[in-house]
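What follows is the content of run_33.txt, which has compact mmCIF, C-alpha atoms:
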# COMPACT_ATOMS: atom_id res chain seq x y z
CA MET H 1 -135.62 220.55 -9.75
CA GLU H 2 -132.88 222.30 -7.87
CA VAL H 3 -133.97 225.50 -6.16
CA PRO H 4 -132.04 228.37 -7.82
CA ALA H 5 -130.24 231.04 -5.92
CA LEU H 6 -132.10 234.32 -5.51
CA GLN H 7 -129.17 236.70 -5.19
CA SER H 8 -129.48 238.60 -8.45
CA PHE H 9 -133.15 239.45 -7.95
CA ALA H 10 -132.33 241.34 -4.77
CA LEU H 11 -130.83 243.97 -7.06
CA GLU H 12 -133.57 243.92 -9.67
CA GLY H 13 -136.78 243.95 -7.73
CA GLY H 14 -138.04 240.84 -9.52
CA LEU H 15 -139.32 237.78 -7.69
CA LEU H 16 -138.09 238.52 -4.19
CA THR H 17 -137.87 236.77 -0.87
CA MET H 18 -136.00 238.06 2.14
CA GLU H 19 -134.25 234.75 2.73
CA LYS H 20 -130.82 234.05 1.28
CA PRO H 21 -129.61 230.43 1.08
CA LEU H 22 -126.19 229.69 2.49
CA ARG H 23 -124.01 228.46 -0.35
CA VAL H 24 -121.43 225.85 0.54
CA GLY H 25 -118.82 225.94 -2.19
CA GLU H 26 -119.50 226.53 -5.88
CA ARG H 27 -120.98 223.97 -8.21
CA HIS H 28 -118.94 223.90 -11.41
CA THR H 29 -120.14 222.05 -14.49
CA SER H 30 -117.74 221.13 -17.26
CA LEU H 31 -119.50 222.26 -20.42
CA ARG H 32 -119.09 220.75 -23.88
CA ILE H 33 -118.97 223.89 -26.03
CA GLY H 34 -119.19 223.76 -29.81
CA ILE H 35 -117.87 226.40 -32.22
CA PRO H 36 -119.16 225.65 -35.74
CA ARG H 37 -117.94 227.04 -39.02
CA GLU H 38 -120.34 229.75 -40.17
CA ILE H 39 -122.02 228.83 -43.46
CA SER H 40 -124.72 231.45 -44.02
CA ASN H 41 -124.70 235.02 -45.40
CA GLU H 42 -121.01 234.86 -46.32
CA GLU H 43 -120.19 235.18 -42.63
CA ARG H 44 -116.44 235.48 -42.05
CA ARG H 45 -116.38 235.87 -38.29
CA VAL H 46 -116.09 233.04 -35.80
CA SER H 47 -117.69 233.21 -32.37
CA LEU H 48 -114.51 232.70 -30.31
CA ALA H 49 -110.83 233.34 -30.98
CA PRO H 50 -108.20 230.80 -29.84
CA SER H 51 -107.46 233.00 -26.80
CA GLY H 52 -111.07 232.53 -25.64
CA VAL H 53 -110.83 228.78 -26.15
CA SER H 54 -107.68 228.71 -24.03
CA THR H 55 -109.51 230.46 -21.17
CA LEU H 56 -112.44 228.04 -21.33
CA VAL H 57 -110.18 224.99 -21.39
CA ALA H 58 -108.21 226.36 -18.42
CA ASN H 59 -111.54 226.46 -16.57
CA ARG H 60 -112.13 222.75 -17.23
CA HIS H 61 -114.52 223.07 -20.16
CA GLU H 62 -114.32 220.94 -23.30
CA VAL H 63 -114.28 222.98 -26.50
CA TYR H 64 -114.94 221.50 -29.94
CA VAL H 65 -114.12 223.53 -33.05
CA GLU H 66 -115.18 222.57 -36.55
CA LYS H 67 -112.21 222.46 -38.91
CA GLY H 68 -111.90 225.68 -40.88
CA ALA H 69 -114.13 227.64 -38.50
CA GLY H 70 -111.60 230.44 -38.04
CA GLU H 71 -110.02 230.40 -41.48
CA GLN H 72 -111.64 233.59 -42.85
CA ALA H 73 -110.77 235.49 -39.67
CA HIS H 74 -107.19 234.22 -40.06
CA PHE H 75 -107.26 231.85 -37.08
CA SER H 76 -105.80 228.50 -38.13
CA ASP H 77 -106.94 225.07 -36.94
CA GLU H 78 -103.47 224.64 -35.44
CA ARG H 79 -103.96 227.66 -33.19
CA TYR H 80 -107.26 226.28 -31.90
CA ALA H 81 -105.64 222.90 -31.27
CA GLU H 82 -102.77 224.57 -29.40
CA ALA H 83 -105.35 226.41 -27.28
CA GLY H 84 -106.78 223.05 -26.19
CA ALA H 85 -109.74 222.63 -28.54
CA GLU H 86 -110.65 219.33 -30.12
CA LEU H 87 -111.06 219.73 -33.87
CA VAL H 88 -114.00 217.95 -35.51
CA GLU H 89 -114.49 217.22 -39.19
CA ASN H 90 -117.99 218.56 -39.78
CA SER H 91 -121.01 220.33 -38.28
CA ALA H 92 -122.96 217.12 -37.71
CA ASP H 93 -120.19 215.76 -35.46
CA LEU H 94 -119.90 219.03 -33.59
CA TYR H 95 -123.62 219.43 -32.88
CA SER H 96 -123.94 215.82 -31.73
CA LYS H 97 -121.06 216.16 -29.23
CA CYS H 98 -121.96 219.48 -27.59
CA GLU H 99 -124.55 220.72 -25.13
CA LEU H 100 -123.85 224.40 -25.84
CA ILE H 101 -123.44 225.87 -29.31
CA VAL H 102 -121.99 229.37 -29.63
CA LYS H 103 -122.02 230.88 -33.09
CA VAL H 104 -122.25 234.25 -34.83
CA GLY H 105 -125.29 234.04 -37.10
CA PRO H 106 -128.58 232.30 -36.30
CA PRO H 107 -128.82 228.70 -37.52
CA CYS H 108 -129.83 228.36 -41.16
CA GLU H 109 -132.17 225.59 -42.36
CA GLU H 110 -129.32 223.11 -42.67
CA GLU H 111 -128.11 223.86 -39.14
CA LEU H 112 -131.61 223.71 -37.64
CA SER H 113 -131.73 220.05 -38.59
CA LEU H 114 -128.52 219.46 -36.60
CA LEU H 115 -129.69 221.00 -33.32
CA GLN H 116 -130.18 218.51 -30.49
CA GLU H 117 -132.93 218.33 -27.90
CA LYS H 118 -132.32 220.67 -24.91
CA GLN H 119 -129.18 222.27 -26.34
CA ILE H 120 -128.19 225.82 -25.41
CA LEU H 121 -127.81 228.11 -28.42
CA ILE H 122 -126.03 231.47 -28.12
CA SER H 123 -125.97 233.51 -31.33
CA ALA H 124 -127.30 236.61 -33.04
CA LEU H 125 -130.97 236.43 -33.98
CA HIS H 126 -131.18 238.98 -36.85
CA LEU H 127 -134.72 240.23 -36.32
CA GLY H 128 -135.07 241.24 -39.96
CA ASP H 129 -134.84 237.56 -41.01
CA THR H 130 -136.45 235.82 -38.03
CA SER H 131 -139.63 233.85 -38.71
CA PRO H 132 -142.29 232.18 -36.54
CA ALA H 133 -141.28 228.83 -38.07
CA PHE H 134 -137.69 229.29 -36.84
CA LEU H 135 -138.85 230.11 -33.31
CA ARG H 136 -141.33 227.21 -33.23
CA ARG H 137 -138.59 224.80 -34.29
CA LEU H 138 -136.40 225.90 -31.38
CA MET H 139 -139.34 225.53 -29.00
CA GLU H 140 -140.13 222.03 -30.31
CA LEU H 141 -136.54 221.00 -29.52
CA ASN H 142 -136.70 222.54 -26.03
CA ILE H 143 -133.74 224.74 -26.94
CA THR H 144 -132.59 227.53 -24.64
CA GLY H 145 -132.00 230.35 -27.13
CA ILE H 146 -129.95 233.38 -26.06
CA GLY H 147 -129.70 236.21 -28.60
CA PHE H 148 -126.87 238.72 -28.90
CA GLU H 149 -129.40 241.51 -29.52
CA PHE H 150 -131.16 240.92 -26.20
CA ILE H 151 -128.29 240.45 -23.73
CA ARG H 152 -128.72 243.49 -21.50
CA GLU H 153 -126.99 244.07 -18.18
CA ALA H 154 -128.64 245.59 -15.08
CA ASP H 155 -127.27 249.03 -15.96
CA GLY H 156 -129.03 248.91 -19.33
CA THR H 157 -125.93 248.28 -21.45
CA LEU H 158 -126.02 245.82 -24.35
CA PRO H 159 -122.41 244.55 -24.36
CA ILE H 160 -122.39 242.48 -27.56
CA VAL H 161 -124.58 244.90 -29.48
CA ARG H 162 -122.38 247.81 -28.44
CA MET H 163 -119.19 246.09 -29.59
CA MET H 164 -120.66 245.26 -33.01
CA HIS H 165 -122.28 248.67 -33.36
CA GLU H 166 -118.99 250.46 -32.74
CA ILE H 167 -117.52 248.46 -35.62
CA MET H 168 -120.57 249.06 -37.82
CA GLY H 169 -120.59 252.82 -37.26
CA SER H 170 -116.93 253.19 -38.16
CA MET H 171 -117.18 250.86 -41.15
CA ALA H 172 -120.32 252.56 -42.52
CA VAL H 173 -118.40 255.78 -43.11
CA GLN H 174 -115.34 254.02 -44.56
CA ILE H 175 -117.62 252.17 -46.96
CA ALA H 176 -119.50 255.32 -47.93
CA ALA H 177 -116.23 257.13 -48.63
CA HIS H 178 -115.26 254.36 -51.06
CA TYR H 179 -118.55 254.36 -52.96
CA LEU H 180 -118.58 258.17 -53.23
CA GLU H 181 -115.44 257.92 -55.33
CA SER H 182 -115.68 257.63 -59.11
CA GLY H 183 -114.23 254.13 -58.98
CA GLY H 184 -117.02 253.11 -56.61
CA GLY H 185 -119.71 254.45 -58.94
CA GLY H 186 -120.36 257.58 -56.90
CA LYS H 187 -120.29 261.25 -57.73
CA GLY H 188 -116.51 261.41 -57.46
CA VAL H 189 -116.10 263.43 -54.28
CA MET H 190 -114.16 263.09 -51.06
CA LEU H 191 -115.83 263.04 -47.67
CA GLY H 192 -113.50 265.70 -46.35
CA GLY H 193 -112.98 268.95 -48.16
CA ILE H 194 -109.70 270.47 -49.21
CA SER H 195 -108.61 274.09 -49.42
CA GLY H 196 -111.24 275.94 -51.44
CA VAL H 197 -113.53 272.89 -51.77
CA PRO H 198 -116.19 272.26 -49.11
CA PRO H 199 -116.59 268.83 -47.49
CA SER H 200 -119.34 266.31 -48.21
CA THR H 201 -122.44 266.20 -46.06
CA VAL H 202 -123.05 263.02 -44.06
CA VAL H 203 -126.54 262.60 -42.59
CA ILE H 204 -126.78 260.06 -39.78
CA LEU H 205 -130.21 258.80 -38.74
CA GLY H 206 -129.96 257.73 -35.12
CA ALA H 207 -127.91 258.94 -32.15
CA GLY H 208 -127.21 255.51 -30.67
CA VAL H 209 -123.89 253.67 -30.69
CA VAL H 210 -123.86 253.13 -34.48
CA GLY H 211 -124.66 256.79 -35.02
CA GLU H 212 -122.06 257.97 -32.53
CA TRP H 213 -119.22 255.98 -34.07
CA ALA H 214 -120.32 256.89 -37.58
CA ALA H 215 -120.23 260.57 -36.53
CA ARG H 216 -116.78 260.19 -34.95
CA THR H 217 -115.40 258.57 -38.09
CA ALA H 218 -117.05 261.06 -40.46
CA LEU H 219 -115.63 263.95 -38.44
CA GLY H 220 -112.23 262.30 -38.68
CA PHE H 221 -112.59 262.35 -42.47
CA GLY H 222 -113.44 266.05 -42.26
CA ALA H 223 -117.07 265.74 -43.38
CA HIS H 224 -119.97 268.00 -42.41
CA VAL H 225 -122.07 265.80 -40.12
CA ILE H 226 -125.79 266.07 -39.37
CA VAL H 227 -127.37 263.71 -36.82
CA LEU H 228 -131.13 263.24 -36.44
CA ASP H 229 -132.95 261.35 -33.72
CA ASN H 230 -136.28 261.40 -31.85
CA ASP H 231 -134.47 261.37 -28.50
CA LEU H 232 -133.45 264.91 -27.58
CA SER H 233 -131.30 263.76 -24.65
CA ALA H 234 -129.36 261.39 -26.93
CA LEU H 235 -128.65 264.29 -29.30
CA ARG H 236 -127.48 266.44 -26.39
CA VAL H 237 -125.14 263.69 -25.18
CA MET H 238 -123.66 263.25 -28.66
CA GLU H 239 -123.17 266.98 -29.07
CA HIS H 240 -121.36 267.05 -25.72
CA TYR H 241 -119.07 264.10 -26.47
CA LEU H 242 -118.23 265.41 -29.94
CA ASP H 243 -117.58 268.94 -28.71
CA ARG H 244 -120.51 270.40 -30.70
CA ARG H 245 -118.76 269.70 -34.00
CA ILE H 246 -121.94 268.12 -35.40
CA THR H 247 -125.32 269.58 -36.36
CA THR H 248 -128.29 267.92 -34.67
CA ALA H 249 -132.02 267.98 -35.35
CA MET H 250 -135.12 266.14 -34.23
CA ALA H 251 -136.06 263.35 -36.61
CA THR H 252 -139.32 264.87 -37.81
CA GLU H 253 -140.55 264.11 -41.32
CA GLN H 254 -139.73 267.69 -42.38
CA TYR H 255 -136.15 267.70 -41.06
CA ILE H 256 -135.43 264.21 -42.41
CA ARG H 257 -136.71 265.17 -45.86
CA GLN H 258 -134.59 268.34 -45.94
CA ALA H 259 -131.43 266.65 -44.65
CA VAL H 260 -131.66 263.63 -46.95
CA ALA H 261 -132.23 265.81 -50.02
CA ARG H 262 -128.91 267.61 -49.55
CA ALA H 263 -126.89 264.65 -48.27
CA ASP H 264 -123.97 263.09 -50.08
CA VAL H 265 -124.14 260.15 -47.66
CA VAL H 266 -127.02 258.84 -45.54
CA ILE H 267 -126.18 256.39 -42.74
CA GLY H 268 -129.22 254.47 -41.48
CA ALA H 269 -128.66 253.87 -37.77
CA MET H 270 -132.15 254.30 -36.35
CA MET H 271 -133.19 251.29 -34.31
CA ALA H 272 -135.28 250.18 -31.36
CA VAL H 273 -133.63 247.57 -29.14
CA GLY H 274 -135.19 244.13 -29.58
CA GLN H 275 -137.59 245.37 -32.26
CA ARG H 276 -137.65 245.91 -36.01
CA ALA H 277 -135.96 249.13 -37.06
CA PRO H 278 -138.45 251.93 -37.84
CA VAL H 279 -138.61 253.06 -41.48
CA VAL H 280 -137.92 256.81 -41.38
CA VAL H 281 -136.77 257.51 -44.96
CA THR H 282 -139.42 256.94 -47.63
CA GLU H 283 -138.85 256.06 -51.26
CA ASP H 284 -139.80 259.53 -52.46
CA MET H 285 -137.13 261.00 -50.14
CA VAL H 286 -134.53 258.70 -51.73
CA ALA H 287 -135.74 259.69 -55.21
CA ALA H 288 -135.08 263.34 -54.31
CA MET H 289 -131.40 262.66 -53.49
CA ARG H 290 -128.69 263.67 -55.94
CA PRO H 291 -127.44 260.95 -58.34
CA GLY H 292 -124.26 259.27 -57.12
CA SER H 293 -125.12 259.77 -53.45
CA VAL H 294 -124.63 256.82 -51.09
CA ILE H 295 -126.92 255.14 -48.56
CA VAL H 296 -125.46 252.73 -46.00
CA ASP H 297 -128.32 251.10 -44.07
CA ALA H 298 -126.37 249.86 -41.07
CA VAL H 299 -129.43 248.39 -39.36
CA ILE H 300 -130.60 246.20 -42.25
CA ASP H 301 -130.15 243.19 -39.96
CA GLN H 302 -133.03 244.70 -37.94
CA GLY H 303 -135.12 245.24 -41.06
CA GLY H 304 -133.56 248.55 -42.16
CA CYS H 305 -134.70 252.14 -41.61
CA ILE H 306 -134.83 253.20 -45.27
CA GLU H 307 -137.75 252.13 -47.45
CA THR H 308 -135.68 251.34 -50.54
CA SER H 309 -133.19 249.14 -48.63
CA ARG H 310 -132.98 245.39 -49.16
CA PRO H 311 -130.32 243.00 -47.86
CA THR H 312 -127.21 242.64 -49.99
CA THR H 313 -124.21 240.32 -49.74
CA HIS H 314 -120.45 240.67 -49.58
CA SER H 315 -120.18 239.32 -53.13
CA GLU H 316 -122.80 241.82 -54.38
CA PRO H 317 -122.70 244.57 -51.74
CA VAL H 318 -124.53 247.38 -53.52
CA PHE H 319 -127.43 248.15 -55.81
CA VAL H 320 -128.58 251.42 -57.37
CA LYS H 321 -132.11 252.78 -57.05
CA HIS H 322 -133.21 256.27 -58.14
CA GLY H 323 -129.56 256.90 -58.98
CA VAL H 324 -128.51 256.35 -55.36
CA ILE H 325 -126.00 253.66 -54.35
CA HIS H 326 -127.36 251.42 -51.56
CA TYR H 327 -125.08 249.32 -49.35
CA CYS H 328 -127.17 247.04 -47.11
CA ILE H 329 -125.14 244.10 -45.81
CA PRO H 330 -126.69 242.60 -42.65
CA ASN H 331 -123.41 241.32 -41.22
CA MET H 332 -121.20 244.35 -41.85
CA PRO H 333 -118.68 243.51 -39.08
CA SER H 334 -117.91 240.32 -41.01
CA ASN H 335 -115.67 242.43 -43.26
CA ALA H 336 -113.54 243.15 -40.18
CA ALA H 337 -113.71 239.50 -39.20
CA ARG H 338 -110.64 239.34 -37.00
CA THR H 339 -111.39 242.52 -35.05
CA ALA H 340 -115.04 241.47 -34.64
CA THR H 341 -114.06 237.99 -33.47
CA TYR H 342 -111.82 239.40 -30.74
CA ALA H 343 -114.66 241.73 -29.71
CA LEU H 344 -117.10 238.80 -29.48
CA THR H 345 -114.58 236.75 -27.51
CA ASN H 346 -114.10 239.51 -24.96
CA VAL H 347 -117.83 239.58 -24.22
CA LEU H 348 -118.89 235.96 -24.67
CA VAL H 349 -116.23 234.14 -22.63
CA PRO H 350 -117.32 235.64 -19.26
CA TYR H 351 -120.92 234.56 -19.94
CA LEU H 352 -119.83 231.02 -20.81
CA LEU H 353 -117.79 230.86 -17.60
CA LYS H 354 -120.83 232.01 -15.61
CA ILE H 355 -122.95 229.19 -17.06
CA GLY H 356 -120.32 226.65 -16.03
CA GLU H 357 -119.93 228.14 -12.56
CA ALA H 358 -123.70 228.11 -11.99
CA GLY H 359 -123.94 224.37 -12.53
CA SER H 360 -126.99 224.51 -14.85
CA ILE H 361 -128.54 226.84 -17.39
CA ASN H 362 -131.55 227.31 -15.10
CA GLU H 363 -129.32 228.50 -12.26
CA ALA H 364 -127.23 230.65 -14.63
CA LEU H 365 -130.32 232.45 -15.93
CA TRP H 366 -131.54 232.99 -12.39
CA ARG H 367 -128.23 234.46 -11.24
CA ASP H 368 -127.28 236.58 -14.24
CA VAL H 369 -129.53 239.37 -15.48
CA GLY H 370 -127.65 239.68 -18.78
CA LEU H 371 -128.20 236.05 -19.74
CA ARG H 372 -131.79 236.17 -18.49
CA ASN H 373 -132.57 239.24 -20.57
CA GLY H 374 -130.88 237.60 -23.55
CA THR H 375 -133.10 234.52 -23.50
CA TYR H 376 -135.83 234.47 -26.14
CA VAL H 377 -136.77 230.77 -26.09
CA TYR H 378 -136.80 228.67 -22.94
CA ARG H 379 -138.48 225.36 -22.02
CA ARG H 380 -140.68 225.29 -25.10
CA HIS H 381 -141.88 228.87 -24.56
CA LEU H 382 -141.22 232.16 -26.31
CA THR H 383 -139.99 234.56 -23.61
CA LYS H 384 -139.61 237.87 -25.49
CA LYS H 385 -142.68 240.07 -25.60
CA SER H 386 -141.29 242.03 -28.56
CA LEU H 387 -141.04 238.83 -30.63
CA ALA H 388 -144.51 237.74 -29.51
CA ASN H 389 -145.94 241.08 -30.65
CA MET H 390 -144.04 240.94 -33.91
CA PHE H 391 -145.34 237.52 -34.90
CA GLY H 392 -148.64 237.33 -33.01
CA MET H 393 -147.40 234.47 -30.83
CA PRO H 394 -147.97 233.81 -27.10
CA HIS H 395 -145.12 234.30 -24.67
CA ARG H 396 -144.29 233.51 -21.04
CA ASP H 397 -142.33 235.56 -18.54
CA ILE H 398 -138.80 234.15 -18.19
CA GLU H 399 -138.62 234.80 -14.44
CA LEU H 400 -141.83 232.89 -13.79
CA LEU H 401 -140.64 229.97 -15.93
CA ILE H 402 -137.35 229.74 -14.06
CA ALA H 403 -139.03 230.00 -10.66
CA SER H 404 -141.79 227.49 -11.43
CA GLY H 405 -139.61 224.92 -13.16
CA ILE H 406 -142.20 224.54 -15.96
If you convert what's in this file into structure tokens, what do you get?
Amino acid sequence: MEVPALQSFALEGGLLTMEKPLRVGERHTSLRIGIPREISNEERRVSLAPSGVSTLVANRHEVYVEKGAGEQAHFSDERYAEAGAELVENSADLYSKCELIVKVGPPCEEELSLLQEKQILISALHLGDTSPAFLRRLMELNITGIGFEFIREADGTLPIVRMMHEIMGSMAVQIAAHYLESGGGGKGVMLGGISGVPPSTVVILGAGVVGEWAARTALGFGAHVIVLDNDLSALRVMEHYLDRRITTAMATEQYIRQAVARADVVIGAMMAVGQRAPVVVTEDMVAAMRPGSVIVDAVIDQGGCIETSRPTTHSEPVFVKHGVIHYCIPNMPSNAARTATYALTNVLVPYLLKIGEAGSINEALWRDVGLRNGTYVYRRHLTKKSLANMFGMPHRDIELLIASGI
């Protein structure tokens, strides 16, 4: 095994030595990168836009794109071919040719059977749908699995999550505004008031990125916005950024119950990074809401934070329970497929270039804290403690695995 460089750990305080190896030139590996057509959950996004493919090809990587992969995001096969990609007829061909697969959603059952031994898989994980069987299958194949939800830089930022959450927060309010209208089955009101008619009340559970962008958008509509969270500092920050135009409260059972009961719209945005979303709104709270109100559970991909939520689809996006309209699509940004694809491209391409520049996935994980934090399966081991706790499975520390070469 090649001895990996130790530079990045000097900043992190991980496995440290005082020595620094002298690097003579950079080792660059030409990667065979596969971009499959998404086939599960009515996913309309594609992992990389043609502009991202062009950058990878210019850096001496081979990129294979399944025909039709970008169609629903309005990227034609011709544009991918012009960017330097090789088009392949089907998923089986693509998976057999490539050492690194980059996709939006986690592999479904059909795609799991196509994965090859020792491949690198970069995709979302969707904790609400993840199972021990899925993780064990990746470990059996010696897959290196890197999840969008886990990629965290040294400064604590989650670049892919943030991009998608900005989209989700904005979309959640747009969607709620539609379903509040009579034509959407709602109570027939506007989010923003007009002269002599007060605005609707939007209650946002969670002061993270989804909550922030939902609040920004709701304020833009002219709604009365209430934000609840358990993190007082996060509420202070949001109040500051939004010029105290929102009402904030701690997310106690009493405050949540009161706010939800008078809400026209409830946006579920309460989540814990790398874990299942906490359920903070109970069924009896939903039953107390006024008929025709709208719930958008924006964290349903993490299990949802409202007890009555269950995943819906783009073809059947809503259901009604206790007279309340529920919108719970796990892949909400898919409805803004082109915007979301560009956002993914902006974040993913630099990581793919880093893997190629490192010369091996082992070296890339050692050098780059974001990729290392993003890894949940490596060398037949589960490497995320949160997943291990969730499913009662053993796990190994990623830094020790990389250092030991196990």
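For the choices H:Ala340, H:Ala215, H:Val63, H:Leu348, the atom-to-atom distance to Gly84 of chain H is smallest for H:Val63 when using only C-alpha atoms.
Reported to one decimal place, the separation of atom CA of Gln254 of chain H from atom CA of Asp284 of chain H is 13.0 Å.
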Pick out the residues sitting within 12 Å of Gln302 of chain H, and hand them over as number ranges by chain; count only C-alpha atoms, and ignore anything fewer than 4 positions along from it in its own chain. H: 124-130, 149, 161, 268-279, 297-298, 306, 309-311, 328-331
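Closest to Leu365 of chain H among H:Ala177, H:Ile398, H:Ala154, H:Ile325 is H:Ile398, based on only C-alpha atoms.
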Give me the segment 225-341 of chain H side of the contact with segment 200-207 of chain H, cut-off 12 Å, one line per residue showing its nearest atom pair and distance in Å at one decimal, counting all atoms listed in the file, sorted by chain and residue number, as JSON lines.
{"residue": "H:Val225", "atom": "CA", "partner": "H:Val202", "partner_atom": "CA", "distance": 4.9}
{"residue": "H:Ile226", "atom": "CA", "partner": "H:Val203", "partner_atom": "CA", "distance": 4.8}
{"residue": "H:Val227", "atom": "CA", "partner": "H:Ile204", "partner_atom": "CA", "distance": 4.7}
{"residue": "H:Leu228", "atom": "CA", "partner": "H:Leu205", "partner_atom": "CA", "distance": 5.1}
{"residue": "H:Asp229", "atom": "CA", "partner": "H:Gly206", "partner_atom": "CA", "distance": 4.9}
{"residue": "H:Asn230", "atom": "CA", "partner": "H:Gly206", "partner_atom": "CA", "distance": 8.0}
{"residue": "H:Asp231", "atom": "CA", "partner": "H:Ala207", "partner_atom": "CA", "distance": 7.9}
{"residue": "H:Leu232", "atom": "CA", "partner": "H:Ala207", "partner_atom": "CA", "distance": 9.3}
{"residue": "H:Ser233", "atom": "CA", "partner": "H:Ala207", "partner_atom": "CA", "distance": 9.5}
{"residue": "H:Ala234", "atom": "CA", "partner": "H:Ala207", "partner_atom": "CA", "distance": 5.9}
{"residue": "H:Leu235", "atom": "CA", "partner": "H:Ala207", "partner_atom": "CA", "distance": 6.1}
{"residue": "H:Arg236", "atom": "CA", "partner": "H:Ala207", "partner_atom": "CA", "distance": 9.5}
{"residue": "H:Val237", "atom": "CA", "partner": "H:Ala207", "partner_atom": "CA", "distance": 8.9}
{"residue": "H:Met238", "atom": "CA", "partner": "H:Ala207", "partner_atom": "CA", "distance": 7.0}
{"residue": "H:Glu239", "atom": "CA", "partner": "H:Ala207", "partner_atom": "CA", "distance": 9.8}
{"residue": "H:Tyr241", "atom": "CA", "partner": "H:Ala207", "partner_atom": "CA", "distance": 11.7}
{"residue": "H:Leu242", "atom": "CA", "partner": "H:Ala207", "partner_atom": "CA", "distance": 11.9}
{"residue": "H:Ile246", "atom": "CA", "partner": "H:Val202", "partner_atom": "CA", "distance": 10.1}
{"residue": "H:Thr247", "atom": "CA", "partner": "H:Val203", "partner_atom": "CA", "distance": 9.4}
{"residue": "H:Thr248", "atom": "CA", "partner": "H:Ala207", "partner_atom": "CA", "distance": 9.3}
{"residue": "H:Ala249", "atom": "CA", "partner": "H:Leu205", "partner_atom": "CA", "distance": 10.0}
{"residue": "H:Met250", "atom": "CA", "partner": "H:Gly206", "partner_atom": "CA", "distance": 9.9}
{"residue": "H:Ala251", "atom": "CA", "partner": "H:Leu205", "partner_atom": "CA", "distance": 7.7}
{"residue": "H:Thr252", "atom": "CA", "partner": "H:Leu205", "partner_atom": "CA", "distance": 11.0}
{"residue": "H:Glu253", "atom": "CA", "partner": "H:Leu205", "partner_atom": "CA", "distance": 11.9}
{"residue": "H:Tyr255", "atom": "CA", "partner": "H:Leu205", "partner_atom": "CA", "distance": 10.9}
{"residue": "H:Ile256", "atom": "CA", "partner": "H:Leu205", "partner_atom": "CA", "distance": 8.4}
{"residue": "H:Arg257", "atom": "CA", "partner": "H:Val203", "partner_atom": "CA", "distance": 11.0}
{"residue": "H:Gln258", "atom": "CA", "partner": "H:Val203", "partner_atom": "CA", "distance": 10.4}
{"residue": "H:Ala259", "atom": "CA", "partner": "H:Val203", "partner_atom": "CA", "distance": 6.7}
{"residue": "H:Val260", "atom": "CA", "partner": "H:Val203", "partner_atom": "CA", "distance": 6.8}
{"residue": "H:Ala261", "atom": "CA", "partner": "H:Val203", "partner_atom": "CA", "distance": 9.9}
{"residue": "H:Arg262", "atom": "CA", "partner": "H:Thr201", "partner_atom": "CA", "distance": 7.5}
{"residue": "H:Ala263", "atom": "CA", "partner": "H:Thr201", "partner_atom": "CA", "distance": 5.2}
{"residue": "H:Asp264", "atom": "CA", "partner": "H:Thr201", "partner_atom": "CA", "distance": 5.3}
{"residue": "H:Val265", "atom": "CA", "partner": "H:Val202", "partner_atom": "CA", "distance": 4.7}
{"residue": "H:Val266", "atom": "CA", "partner": "H:Val203", "partner_atom": "CA", "distance": 4.8}
{"residue": "H:Ile267", "atom": "CA", "partner": "H:Ile204", "partner_atom": "CA", "distance": 4.8}
{"residue": "H:Gly268", "atom": "CA", "partner": "H:Leu205", "partner_atom": "CA", "distance": 5.2}
{"residue": "H:Ala269", "atom": "CA", "partner": "H:Gly206", "partner_atom": "CA", "distance": 4.9}
{"residue": "H:Met270", "atom": "CA", "partner": "H:Gly206", "partner_atom": "CA", "distance": 4.3}
{"residue": "H:Met271", "atom": "CA", "partner": "H:Gly206", "partner_atom": "CA", "distance": 7.3}
{"residue": "H:Ala272", "atom": "CA", "partner": "H:Gly206", "partner_atom": "CA", "distance": 10.0}
{"residue": "H:Ala277", "atom": "CA", "partner": "H:Gly206", "partner_atom": "CA", "distance": 10.7}
{"residue": "H:Pro278", "atom": "CA", "partner": "H:Gly206", "partner_atom": "CA", "distance": 10.6}
{"residue": "H:Val279", "atom": "CA", "partner": "H:Leu205", "partner_atom": "CA", "distance": 10.5}
{"residue": "H:Val280", "atom": "CA", "partner": "H:Leu205", "partner_atom": "CA", "distance": 8.4}
{"residue": "H:Val281", "atom": "CA", "partner": "H:Leu205", "partner_atom": "CA", "distance": 9.1}
{"residue": "H:Met289", "atom": "CA", "partner": "H:Val203", "partner_atom": "CA", "distance": 11.9}
{"residue": "H:Arg290", "atom": "CA", "partner": "H:Thr201", "partner_atom": "CA", "distance": 12.0}
{"residue": "H:Ser293", "atom": "CA", "partner": "H:Val202", "partner_atom": "CA", "distance": 10.1}
{"residue": "H:Val294", "atom": "CA", "partner": "H:Val202", "partner_atom": "CA", "distance": 9.5}
{"residue": "H:Ile295", "atom": "CA", "partner": "H:Val203", "partner_atom": "CA", "distance": 9.6}
{"residue": "H:Val296", "atom": "CA", "partner": "H:Ile204", "partner_atom": "CA", "distance": 9.7}
{"residue": "H:Asp297", "atom": "CA", "partner": "H:Leu205", "partner_atom": "CA", "distance": 9.6}
{"residue": "H:Ala298", "atom": "CA", "partner": "H:Leu205", "partner_atom": "CA", "distance": 10.0}
{"residue": "H:Val299", "atom": "CA", "partner": "H:Gly206", "partner_atom": "CA", "distance": 10.3}
{"residue": "H:Gly304", "atom": "CA", "partner": "H:Leu205", "partner_atom": "CA", "distance": 11.3}
{"residue": "H:Cys305", "atom": "CA", "partner": "H:Leu205", "partner_atom": "CA", "distance": 8.5}
{"residue": "H:Ile306", "atom": "CA", "partner": "H:Leu205", "partner_atom": "CA", "distance": 9.8}
Atom-to-atom span, atom CA of Glu99 of chain H and atom CA of Ile361 of chain H, Å: 10.6 Å
List as JSON, numbers by chain the protein and nucleic acid residues near Asp77 of chain H, meaning an atom at most 12 Å away when only C-alpha atoms are counted, but skip any in the same chain fewer than 6 places from it. {"H": [35, 37, 49, 50, 64, 65, 66, 67, 68, 69, 70, 71, 83, 84, 85, 86, 87, 88, 89]}
